[in-house]
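Data block for entry.cif (mmCIF, C-alpha atoms):
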data_upload
#
loop_
_atom_site.group_PDB
_atom_site.id
_atom_site.type_symbol
_atom_site.label_atom_id
_atom_site.label_comp_id
_atom_site.auth_asym_id
_atom_site.auth_seq_id
_atom_site.Cartn_x
_atom_site.Cartn_y
_atom_site.Cartn_z
ATOM 1 C CA MET A 256 -4.634 29.623 23.053
ATOM 2 C CA ILE A 257 -6.585 32.717 22.026
ATOM 3 C CA THR A 258 -4.577 35.837 22.863
ATOM 4 C CA ALA A 259 -6.001 39.127 24.078
ATOM 5 C CA SER A 260 -4.496 40.864 21.054
ATOM 6 C CA ALA A 261 -6.337 38.500 18.683
ATOM 7 C CA VAL A 262 -9.618 39.174 20.498
ATOM 8 C CA ASN A 263 -8.990 42.910 20.290
ATOM 9 C CA GLU A 264 -8.151 42.651 16.579
ATOM 10 C CA LEU A 265 -11.431 40.815 15.900
ATOM 11 C CA ARG A 266 -13.341 43.337 18.007
ATOM 12 C CA LYS A 267 -11.935 46.217 15.955
ATOM 13 C CA ALA A 268 -12.623 44.406 12.679
ATOM 14 C CA SER A 269 -16.167 43.303 13.514
ATOM 15 C CA GLY A 270 -17.496 45.804 16.036
ATOM 16 C CA ALA A 271 -18.811 42.887 18.127
ATOM 17 C CA GLY A 272 -18.425 42.610 21.914
ATOM 18 C CA MET A 273 -15.249 41.349 23.557
ATOM 19 C CA MET A 274 -16.729 38.121 24.939
ATOM 20 C CA ASP A 275 -18.476 37.357 21.649
ATOM 21 C CA CYS A 276 -15.180 37.811 19.838
ATOM 22 C CA LYS A 277 -13.338 35.517 22.244
ATOM 23 C CA LYS A 278 -16.007 32.827 21.816
ATOM 24 C CA ALA A 279 -15.897 33.164 18.017
ATOM 25 C CA LEU A 280 -12.118 32.730 17.940
ATOM 26 C CA GLN A 281 -12.297 29.725 20.249
ATOM 27 C CA GLU A 282 -14.901 28.084 18.026
ATOM 28 C CA THR A 283 -12.888 28.690 14.835
ATOM 29 C CA ASN A 284 -9.400 27.896 16.161
ATOM 30 C CA GLY A 285 -8.311 31.495 15.829
ATOM 31 C CA ASP A 286 -9.195 31.912 12.124
ATOM 32 C CA MET A 287 -10.165 35.580 11.729
ATOM 33 C CA GLU A 288 -12.310 35.218 8.582
ATOM 34 C CA GLN A 289 -14.182 32.214 9.970
ATOM 35 C CA ALA A 290 -14.644 34.030 13.263
ATOM 36 C CA ILE A 291 -16.345 36.928 11.488
ATOM 37 C CA ASP A 292 -18.669 34.478 9.705
ATOM 38 C CA TYR A 293 -19.359 32.788 13.056
ATOM 39 C CA LEU A 294 -20.383 36.128 14.573
ATOM 40 C CA ARG A 295 -22.661 36.878 11.625
ATOM 41 C CA LYS A 296 -24.296 33.468 11.851
ATOM 42 C CA LYS A 297 -24.992 34.092 15.532
ATOM 43 C CA GLY A 298 -26.680 37.359 14.638
ATOM 44 C CA ALA A 299 -23.970 39.717 15.868
ATOM 45 C CA LYS A 300 -23.867 43.129 14.192
ATOM 46 C CA VAL A 301 -20.608 42.932 12.270
ATOM 47 C CA SER A 302 -18.932 45.918 10.673
ATOM 48 C CA ALA A 303 -18.704 45.620 6.887
ATOM 49 C CA ASN A 304 -15.294 47.249 6.847
ATOM 50 C CA ARG A 305 -13.164 44.261 7.836
ATOM 51 C CA ALA A 306 -10.096 45.551 6.051
ATOM 52 C CA ASP A 307 -9.367 47.983 8.889
ATOM 53 C CA ARG A 308 -7.804 45.196 10.920
ATOM 54 C CA ASP A 309 -5.040 44.810 8.315
ATOM 55 C CA ALA A 310 -4.574 48.541 7.760
ATOM 56 C CA ALA A 311 -1.240 49.355 6.111
ATOM 57 C CA GLU A 312 0.165 52.780 5.365
ATOM 58 C CA GLY A 313 0.854 54.301 1.973
ATOM 59 C CA ALA A 314 -0.896 56.122 -0.853
ATOM 60 C CA VAL A 315 -3.470 55.087 -3.450
ATOM 61 C CA ILE A 316 -3.416 57.108 -6.668
ATOM 62 C CA ALA A 317 -6.064 57.018 -9.419
ATOM 63 C CA VAL A 318 -5.493 58.899 -12.682
ATOM 64 C CA ALA A 319 -7.106 59.133 -16.135
ATOM 65 C CA SER A 320 -5.667 59.845 -19.579
ATOM 66 C CA ALA A 321 -6.142 63.219 -21.283
ATOM 67 C CA ASP A 322 -8.892 61.793 -23.518
ATOM 68 C CA LYS A 323 -10.536 60.185 -20.455
ATOM 69 C CA LYS A 324 -10.700 56.794 -22.165
ATOM 70 C CA CYS A 325 -8.270 55.001 -19.860
ATOM 71 C CA GLY A 326 -7.504 55.063 -16.138
ATOM 72 C CA ALA A 327 -4.878 53.572 -13.856
ATOM 73 C CA VAL A 328 -4.880 53.063 -10.102
ATOM 74 C CA ILE A 329 -1.876 52.003 -8.024
ATOM 75 C CA ARG A 330 -1.200 51.458 -4.335
ATOM 76 C CA LEU A 331 2.239 52.320 -3.000
ATOM 77 C CA ASN A 332 2.691 50.919 0.496
ATOM 78 C CA CYS A 333 5.024 51.952 3.291
ATOM 79 C CA GLU A 334 5.232 51.203 7.014
ATOM 80 C CA THR A 335 4.329 54.459 8.734
ATOM 81 C CA ASP A 336 1.845 57.271 8.368
ATOM 82 C CA PHE A 337 4.729 59.728 8.651
ATOM 83 C CA VAL A 338 6.218 58.462 5.377
ATOM 84 C CA ALA A 339 2.801 58.094 3.711
ATOM 85 C CA LYS A 340 2.170 61.832 4.156
ATOM 86 C CA ASN A 341 5.633 62.837 2.965
ATOM 87 C CA GLU A 342 5.456 64.976 -0.197
ATOM 88 C CA GLU A 343 8.287 63.064 -1.871
ATOM 89 C CA PHE A 344 6.551 59.720 -1.218
ATOM 90 C CA VAL A 345 3.225 60.968 -2.636
ATOM 91 C CA ALA A 346 5.049 62.452 -5.634
ATOM 92 C CA LEU A 347 6.685 59.056 -6.256
ATOM 93 C CA ALA A 348 3.274 57.352 -6.102
ATOM 94 C CA ASN A 349 1.861 59.856 -8.598
ATOM 95 C CA LYS A 350 4.801 59.368 -10.936
ATOM 96 C CA ILE A 351 4.374 55.569 -10.851
ATOM 97 C CA ALA A 352 0.647 55.947 -11.569
ATOM 98 C CA GLY A 353 1.493 58.154 -14.549
ATOM 99 C CA ILE A 354 3.916 55.555 -15.901
ATOM 100 C CA ALA A 355 1.284 52.838 -15.462
ATOM 101 C CA LEU A 356 -1.248 54.934 -17.373
ATOM 102 C CA GLU A 357 1.188 55.708 -20.179
ATOM 103 C CA HIS A 358 2.486 52.169 -20.764
ATOM 104 C CA LYS A 359 -0.458 49.998 -19.581
ATOM 105 C CA PRO A 360 1.790 47.066 -18.581
ATOM 106 C CA SER A 361 0.199 43.609 -18.503
ATOM 107 C CA SER A 362 0.942 42.948 -14.826
ATOM 108 C CA LEU A 363 2.197 44.439 -11.587
ATOM 109 C CA GLU A 364 5.603 42.839 -12.107
ATOM 110 C CA SER A 365 5.807 44.299 -15.602
ATOM 111 C CA LEU A 366 5.027 47.721 -14.170
ATOM 112 C CA LYS A 367 7.905 47.415 -11.705
ATOM 113 C CA GLN A 368 10.326 46.791 -14.579
ATOM 114 C CA LEU A 369 9.422 50.012 -16.381
ATOM 115 C CA PRO A 370 11.902 52.903 -16.094
ATOM 116 C CA ILE A 371 11.517 55.824 -13.720
ATOM 117 C CA ASP A 372 14.267 58.479 -13.554
ATOM 118 C CA GLY A 373 16.462 56.252 -15.705
ATOM 119 C CA ILE A 374 16.189 53.034 -13.651
ATOM 120 C CA ALA A 375 13.541 50.364 -13.145
ATOM 121 C CA ILE A 376 10.758 51.226 -10.706
ATOM 122 C CA SER A 377 11.772 48.195 -8.616
ATOM 123 C CA GLU A 378 15.303 49.599 -8.303
ATOM 124 C CA ARG A 379 13.996 53.068 -7.517
ATOM 125 C CA LEU A 380 11.929 51.606 -4.698
ATOM 126 C CA LEU A 381 15.021 49.888 -3.285
ATOM 127 C CA ASP A 382 16.858 53.215 -3.362
ATOM 128 C CA TYR A 383 13.976 54.782 -1.464
ATOM 129 C CA VAL A 384 14.060 51.964 1.118
ATOM 130 C CA GLY A 385 17.737 52.680 1.730
ATOM 131 C CA LYS A 386 17.028 56.374 2.080
ATOM 132 C CA ILE A 387 14.161 56.217 4.594
ATOM 133 C CA GLY A 388 14.678 52.836 6.264
ATOM 134 C CA GLU A 389 11.162 51.537 5.543
ATOM 135 C CA LYS A 390 9.882 48.875 3.216
ATOM 136 C CA ILE A 391 8.319 50.516 0.141
ATOM 137 C CA ASP A 392 6.491 48.550 -2.547
ATOM 138 C CA VAL A 393 3.832 48.869 -5.243
ATOM 139 C CA THR A 394 1.281 46.257 -4.178
ATOM 140 C CA VAL A 395 -1.689 46.911 -6.497
ATOM 141 C CA TYR A 396 -2.012 48.032 -10.108
ATOM 142 C CA GLU A 397 -5.192 48.120 -12.201
ATOM 143 C CA ILE A 398 -6.150 49.544 -15.596
ATOM 144 C CA VAL A 399 -9.718 50.386 -16.671
ATOM 145 C CA GLU A 400 -10.779 51.446 -20.169
ATOM 146 C CA GLY A 401 -14.125 52.750 -21.433
ATOM 147 C CA ASN A 402 -16.023 55.549 -23.150
ATOM 148 C CA LEU A 403 -15.455 57.799 -20.131
ATOM 149 C CA ILE A 404 -13.190 57.122 -17.152
ATOM 150 C CA VAL A 405 -13.666 59.130 -13.969
ATOM 151 C CA PRO A 406 -10.909 58.861 -11.310
ATOM 152 C CA TYR A 407 -11.431 59.741 -7.651
ATOM 153 C CA ILE A 408 -9.075 59.790 -4.656
ATOM 154 C CA HIS A 409 -10.632 59.794 -1.191
ATOM 155 C CA ALA A 410 -9.512 60.421 2.380
ATOM 156 C CA GLY A 411 -5.946 61.597 1.914
ATOM 157 C CA ASN A 412 -4.924 58.969 -0.671
ATOM 158 C CA LYS A 413 -6.381 56.100 1.374
ATOM 159 C CA ILE A 414 -8.905 55.038 -1.302
ATOM 160 C CA GLY A 415 -8.676 55.295 -5.092
ATOM 161 C CA VAL A 416 -11.577 54.679 -7.483
ATOM 162 C CA LEU A 417 -11.902 54.363 -11.260
ATOM 163 C CA VAL A 418 -15.366 54.397 -12.870
ATOM 164 C CA ALA A 419 -16.030 53.579 -16.532
ATOM 165 C CA LEU A 420 -19.277 54.934 -17.989
ATOM 166 C CA SER A 421 -21.040 53.904 -21.195
ATOM 167 C CA ASN A 422 -21.083 57.411 -22.684
ATOM 168 C CA SER A 423 -19.304 60.751 -22.287
ATOM 169 C CA GLY A 424 -20.192 64.401 -21.732
ATOM 170 C CA GLN A 425 -19.971 66.942 -18.915
ATOM 171 C CA ALA A 426 -23.234 65.962 -17.211
ATOM 172 C CA ILE A 427 -22.215 62.316 -17.412
ATOM 173 C CA GLU A 428 -18.774 63.093 -15.980
ATOM 174 C CA ASP A 429 -20.411 64.959 -13.087
ATOM 175 C CA ALA A 430 -22.640 61.944 -12.423
ATOM 176 C CA GLY A 431 -19.559 59.723 -12.650
ATOM 177 C CA LYS A 432 -17.925 61.711 -9.840
ATOM 178 C CA ASP A 433 -20.986 61.060 -7.683
ATOM 179 C CA VAL A 434 -20.782 57.354 -8.513
ATOM 180 C CA ALA A 435 -17.060 57.283 -7.706
ATOM 181 C CA MET A 436 -17.715 58.862 -4.299
ATOM 182 C CA GLN A 437 -20.496 56.317 -3.718
ATOM 183 C CA ILE A 438 -18.085 53.471 -4.514
ATOM 184 C CA ALA A 439 -15.498 54.898 -2.118
ATOM 185 C CA ALA A 440 -18.054 55.191 0.689
ATOM 186 C CA MET A 441 -20.179 52.062 0.138
ATOM 187 C CA SER A 442 -17.576 49.589 -1.184
ATOM 188 C CA PRO A 443 -19.795 47.497 -3.506
ATOM 189 C CA VAL A 444 -18.594 43.940 -4.108
ATOM 190 C CA ALA A 445 -19.729 43.872 -7.752
ATOM 191 C CA LEU A 446 -21.296 45.960 -10.495
ATOM 192 C CA ASP A 447 -24.632 44.079 -10.657
ATOM 193 C CA LYS A 448 -26.248 40.893 -9.342
ATOM 194 C CA SER A 449 -24.907 38.825 -12.233
ATOM 195 C CA ASP A 450 -21.329 39.834 -11.359
ATOM 196 C CA VAL A 451 -21.398 38.434 -7.806
ATOM 197 C CA SER A 452 -19.282 35.282 -7.565
ATOM 198 C CA GLN A 453 -20.960 31.992 -6.718
ATOM 199 C CA ASP A 454 -18.692 31.641 -3.678
ATOM 200 C CA ILE A 455 -20.076 34.894 -2.234
ATOM 201 C CA ILE A 456 -23.667 33.860 -3.057
ATOM 202 C CA ASP A 457 -23.226 30.469 -1.363
ATOM 203 C CA ARG A 458 -21.651 32.120 1.662
ATOM 204 C CA GLU A 459 -24.459 34.660 2.049
ATOM 205 C CA ILE A 460 -27.128 31.943 1.736
ATOM 206 C CA GLU A 461 -25.370 29.832 4.382
ATOM 207 C CA ILE A 462 -25.124 32.804 6.730
ATOM 208 C CA GLY A 463 -28.750 33.747 6.057
ATOM 209 C CA LYS A 464 -29.943 30.258 6.950
ATOM 210 C CA ALA A 465 -27.847 30.229 10.125
ATOM 211 C CA GLN A 466 -29.195 33.626 11.173
ATOM 212 C CA ALA A 467 -32.796 32.516 10.583
ATOM 213 C CA ALA A 468 -32.220 29.299 12.536
ATOM 214 C CA ALA A 469 -30.701 31.286 15.408
ATOM 215 C CA GLU A 470 -33.857 33.418 15.441
ATOM 216 C CA GLY A 471 -35.940 30.273 15.874
ATOM 217 C CA LYS A 472 -37.481 30.219 12.405
ATOM 218 C CA PRO A 473 -38.927 26.856 11.191
ATOM 219 C CA GLU A 474 -36.598 24.600 9.193
ATOM 220 C CA ALA A 475 -38.957 24.698 6.196
ATOM 221 C CA MET A 476 -38.665 28.501 6.042
ATOM 222 C CA LEU A 477 -34.869 28.791 6.208
ATOM 223 C CA GLU A 478 -34.237 28.643 2.444
ATOM 224 C CA LYS A 479 -36.897 31.269 1.675
ATOM 225 C CA ILE A 480 -35.641 33.574 4.426
ATOM 226 C CA ALA A 481 -32.049 33.149 3.244
ATOM 227 C CA MET A 482 -33.036 34.095 -0.318
ATOM 228 C CA GLY A 483 -34.727 37.224 1.029
ATOM 229 C CA LYS A 484 -31.534 38.133 2.850
ATOM 230 C CA LEU A 485 -29.579 37.444 -0.345
ATOM 231 C CA ASN A 486 -31.768 39.912 -2.257
ATOM 232 C CA LYS A 487 -31.079 42.523 0.426
ATOM 233 C CA PHE A 488 -27.376 41.750 0.066
ATOM 234 C CA TYR A 489 -27.645 42.409 -3.676
ATOM 235 C CA LYS A 490 -29.301 45.764 -3.013
ATOM 236 C CA ASP A 491 -26.772 46.780 -0.376
ATOM 237 C CA SER A 492 -23.650 45.428 -2.039
ATOM 238 C CA THR A 493 -23.952 45.677 -5.851
ATOM 239 C CA LEU A 494 -23.306 49.134 -7.250
ATOM 240 C CA LEU A 495 -26.160 49.540 -9.727
ATOM 241 C CA ASN A 496 -28.722 48.339 -7.163
ATOM 242 C CA GLN A 497 -27.492 50.436 -4.240
ATOM 243 C CA ASP A 498 -29.540 53.420 -3.145
ATOM 244 C CA PHE A 499 -27.900 56.609 -4.392
ATOM 245 C CA VAL A 500 -26.378 58.231 -1.301
ATOM 246 C CA LYS A 501 -27.347 61.758 -2.417
ATOM 247 C CA ASP A 502 -30.978 60.747 -3.138
ATOM 248 C CA SER A 503 -32.100 57.476 -1.559
ATOM 249 C CA SER A 504 -35.342 57.507 -3.567
ATOM 250 C CA LYS A 505 -33.269 56.315 -6.550
ATOM 251 C CA THR A 506 -30.832 53.488 -7.137
ATOM 252 C CA ILE A 507 -27.535 54.237 -8.874
ATOM 253 C CA SER A 508 -28.976 52.634 -12.017
ATOM 254 C CA GLN A 509 -32.049 54.896 -11.892
ATOM 255 C CA MET A 510 -29.966 57.993 -11.210
ATOM 256 C CA LEU A 511 -27.777 57.325 -14.264
ATOM 257 C CA ASP A 512 -30.777 56.553 -16.457
ATOM 258 C CA GLY A 513 -32.193 59.931 -15.441
ATOM 259 C CA ILE A 514 -29.053 61.663 -16.712
ATOM 260 C CA GLU A 515 -29.270 59.876 -20.072
ATOM 261 C CA ASN A 516 -31.500 57.018 -21.153
ATOM 262 C CA GLY A 517 -29.515 53.769 -20.949
ATOM 263 C CA LEU A 518 -26.466 55.335 -19.284
ATOM 264 C CA THR A 519 -24.693 52.870 -17.016
ATOM 265 C CA VAL A 520 -21.398 51.950 -15.384
ATOM 266 C CA THR A 521 -19.468 49.394 -17.438
ATOM 267 C CA ALA A 522 -16.664 48.765 -14.930
ATOM 268 C CA PHE A 523 -15.143 50.062 -11.720
ATOM 269 C CA ARG A 524 -12.167 49.480 -9.471
ATOM 270 C CA ARG A 525 -11.883 50.427 -5.801
ATOM 271 C CA ILE A 526 -8.478 50.141 -4.128
ATOM 272 C CA GLN A 527 -7.835 51.055 -0.496
ATOM 273 C CA LEU A 528 -5.054 50.810 2.017
ATOM 274 C CA GLY A 529 -5.164 47.614 4.031
ATOM 275 C CA ALA A 530 -7.532 45.732 1.708
#

Any chance you could put this one into structure tokens?
Amino acid sequence: MITASAVNELRKASGAGMMDCKKALQETNGDMEQAIDYLRKKGAKVSANRADRDAAEGAVIAVASADKKCGAVIRLNCETDFVAKNEEFVALANKIAGIALEHKPSSLESLKQLPIDGIAISERLLDYVGKIGEKIDVTVYEIVEGNLIVPYIHAGNKIGVLVALSNSGQAIEDAGKDVAMQIAAMSPVALDKSDVSQDIIDREIEIGKAQAAAEGKPEAMLEKIAMGKLNKFYKDSTLLNQDFVKDSSKTISQMLDGIENGLTVTAFRRIQLGA
């Protein structure tokens, strides 16, 4: 049985109409991810920001080392917005990010074993749970290294970004801040076309074919149409090929090349609450 709450959750996640959402859930036995794909295949306008349906509270912190060669981003989750905005909670998140940056542990679990205020981070989190009565946990930890790392925190600690650039300098750092804000806003799935996973490519081609078929296009044209849609996906969803938000006449790649010949992004990480 498809519940009203499930339909409402899909509606919020996809932006599609209530009846379309109910039909999609019925056809996919209640699977939310498959339901979103079903809506896309039927030509429904689906919001790209699916993560909102799983929104959790907390703080994302992105920091860079003094020499700007290394960056760390962590996500500290809690249960309520009230706690997430608490100064002590945000200070704890910042302290954990600083420890991550200093020690560069090999994994999230290794990070939790590092000391903070004389005890392991995992133990400190348990103390905090006892104090406030909410579950508190570090759920994401990433390190990025490069010639220049630019950190960015967006929307009240809800999104954290690290950008690694191929060269350094003030003008390049300023451009890196623009790129970091672009990543926060546009949520690219990969750096360039070659970095998109085959699973995502196959999925987009399948959806493209289904959309073309739903529009009544001839069977012989479906593959060609799907490849055209895939190329648009690359432009919309890979960082270097996206239009630069501040000047849509240029891609991110072209904007960076205009700052310095050959300048590019070598890596990035984007962490948000609920994703």

Once the PyMOL selection byres ((chain A and resi 258) around 12) has been evaluated on this model, what residues remain selected, and can you format them as a list in words?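 Selected by the PyMOL selection byres ((chain A and resi 258) around 12) in this file: Met256, Ile257, Ala259, Ser260, Ala261, Val262, Asn263, Glu264, Leu265, Cys276, Lys277, Lys278, Leu280, Gln281, Asn284 and Gly285 of chain A.
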
From the list A:Ser503, A:Gly353, A:Ala319, A:Glu459, the nearest residue to A:Met482 using only C-alpha atoms is A:Glu459

Evaluate the PyMOL selection byres ((chain A and resi 379) around 12) and report residues as a ChimeraX atom specification: /A:344,347-348,350-351,367-378,380-386,391-393

Selected residue of minimal separation from A:Asp322 among A:Ala352, A:Ala430, A:Ile404, A:Ile462, counting only C-alpha atoms: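 Nearest to A:Asp322: A:Ile404.
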
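Of the residues under consideration (A:Val328, A:Ala321, A:Val434, A:Ile398), A:Val434 shows the shortest atom-to-atom contact distance to A:Leu495 when counting only C-alpha atoms.
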